[in-house]
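First comes the structure, then the notes that go with it.
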Amino acid sequence: MTRNIVIFLFGLLLLLSSCGHSVAYNAFVSLPMEGWHEDSVLSYDVCVADSTIDYDILIVVRHTNKYAYQNLWLFVDIEKDSVSLRRDTIECYMANERGEWLGGGLSIHELPLLYSDSYQFANSGEYNISITQGMREDTLIGIKEVGVKIIRNEQK
């Protein structure tokens with residue numbers, strides 16, 4: 001399992017540093033000190049200028065050592081003009097089986113998660129990506145920020 005995680009993170013690093021990739025969108029939403037309430041929806045308004053190319057969509061989670069779990073369940077929705085285009089439930093592994101945090105950082109850990117590779121938006125224009133936590137807790141402690149990063153794949 002650890003080997004697979006290392007291979008995934010190495011592949012993600014190569015993906016992010018290779019030619020023909022540029023950031024189309026990058027934004028974070030900070031969560032309150034008291035935690036991420038189960039009803040709190042994080043919303044990202046994304047302007048897509050070119051619908052003829054593929055995009056990689058990453059969800060980036062920043063957390064502290066106060067986060068009490070090995071994983072994090074997220075509900076992710078993509079909408080255009082209030083019409084749902086895609087809805088997913090994803091499980092993010094935050095730590096390995098020995099309890100060691102994945103990703104980088106010391107007091108705040110940052111974990112980029114590949115949500116979708118080679119995603120093609122149907123049309124140019126405004127899209128909304130929303131994320132809610134799907135854990136069985138009213139309020140999650142230790143998650144500081146959640147971001148969405150969209151990368152153009154212009155030379156695929």
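If you're wondering about the labels, chains in the structure tokens are A, B, ... by order shown, residues count from 1 in each chain, ligands from 1 in order shown.
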
message: Can you tell me which residues surround segment 53-60 of chain A at a distance of at most 6 Å, considering only C-alpha atoms, apart from same-chain residues fewer than 2 positions away, and format the answer as a ChimeraX atom specification?
response: /A:51,111-120,146-153

query: Excluding same-chain residues fewer than 3 positions from segment 73-87 of chain A, what lies within 9 Å of it counting only C-alpha atoms, as a PyMOL selection string?
result: chain A and resi 90-93+125-135

With N, CA, C and O atoms retained, export the selected residues as a short mmCIF file (atom, residue, chain, number, x, y, z; two decimals), in the first residue's frame.
```cif
data_model
loop_
_atom_site.label_atom_id
_atom_site.label_comp_id
_atom_site.auth_asym_id
_atom_site.auth_seq_id
_atom_site.Cartn_x
_atom_site.Cartn_y
_atom_site.Cartn_z
N ILE A 90 -15.88 10.86 -2.76
CA ILE A 90 -14.50 10.35 -2.82
C ILE A 90 -13.94 10.18 -1.42
O ILE A 90 -14.28 10.92 -0.50
N GLU A 91 -13.08 9.19 -1.30
CA GLU A 91 -12.37 8.94 -0.04
C GLU A 91 -10.92 9.34 -0.24
O GLU A 91 -10.26 8.87 -1.15
N CYS A 92 -10.45 10.22 0.61
CA CYS A 92 -9.06 10.70 0.56
C CYS A 92 -8.31 10.08 1.73
O CYS A 92 -8.72 10.22 2.88
N TYR A 93 -7.22 9.41 1.43
CA TYR A 93 -6.38 8.88 2.50
C TYR A 93 -5.43 9.98 2.94
O TYR A 93 -4.64 10.48 2.14
N GLY A 125 -17.24 29.01 -20.15
CA GLY A 125 -18.15 29.76 -19.29
C GLY A 125 -17.91 29.48 -17.82
O GLY A 125 -16.89 28.92 -17.43
N GLU A 126 -18.88 29.88 -16.99
CA GLU A 126 -18.79 29.78 -15.54
C GLU A 126 -19.28 28.42 -15.05
O GLU A 126 -20.38 27.99 -15.42
N TYR A 127 -18.47 27.78 -14.23
CA TYR A 127 -18.83 26.53 -13.58
C TYR A 127 -18.70 26.73 -12.08
O TYR A 127 -17.94 27.59 -11.63
N ASN A 128 -19.42 25.93 -11.32
CA ASN A 128 -19.28 25.94 -9.87
C ASN A 128 -18.90 24.55 -9.41
O ASN A 128 -19.54 23.57 -9.79
N ILE A 129 -17.84 24.48 -8.62
CA ILE A 129 -17.44 23.24 -7.97
C ILE A 129 -17.70 23.42 -6.49
O ILE A 129 -17.26 24.42 -5.89
N SER A 130 -18.44 22.51 -5.90
CA SER A 130 -18.72 22.60 -4.47
C SER A 130 -18.27 21.32 -3.78
O SER A 130 -18.34 20.23 -4.36
N ILE A 131 -17.80 21.50 -2.55
CA ILE A 131 -17.28 20.38 -1.76
C ILE A 131 -17.88 20.45 -0.37
O ILE A 131 -17.89 21.51 0.27
N THR A 132 -18.38 19.32 0.11
CA THR A 132 -18.82 19.20 1.50
C THR A 132 -18.14 17.97 2.10
O THR A 132 -17.77 17.04 1.38
N GLN A 133 -17.97 18.01 3.40
CA GLN A 133 -17.36 16.86 4.07
C GLN A 133 -18.42 15.80 4.30
O GLN A 133 -19.56 16.09 4.58
N GLY A 134 -17.99 14.54 4.18
CA GLY A 134 -18.92 13.42 4.32
C GLY A 134 -18.57 12.51 5.47
O GLY A 134 -18.90 11.31 5.41
N MET A 135 -17.92 13.05 6.48
CA MET A 135 -17.57 12.23 7.65
C MET A 135 -18.78 12.14 8.57
O MET A 135 -19.72 12.93 8.47
#
```

- prompt: as an MDAnalysis selection string, which residues of chain A does DSSP assign to strand (DSSP E)?
  reply: chainID A and resid 21:30 36:37 42:48 54:63 71:80 83:93 109:119 125:133 139:140 143:153

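Between atom CA of Ala27 of chain A and atom CA of Val61 of chain A the separation is 11.6 Å.
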
task: To one decimal in Å, tell me the separation between atom CA of Asn96 of chain A and atom CA of Thr64 of chain A.
output: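 Pair atom CA of Asn96 of chain A / atom CA of Thr64 of chain A returns 15.5 Å.
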
- prompt: By how many Å are atom CA of Glu110 of chain A and atom CA of Ile143 of chain A apart?
  reply: 10.2 Å
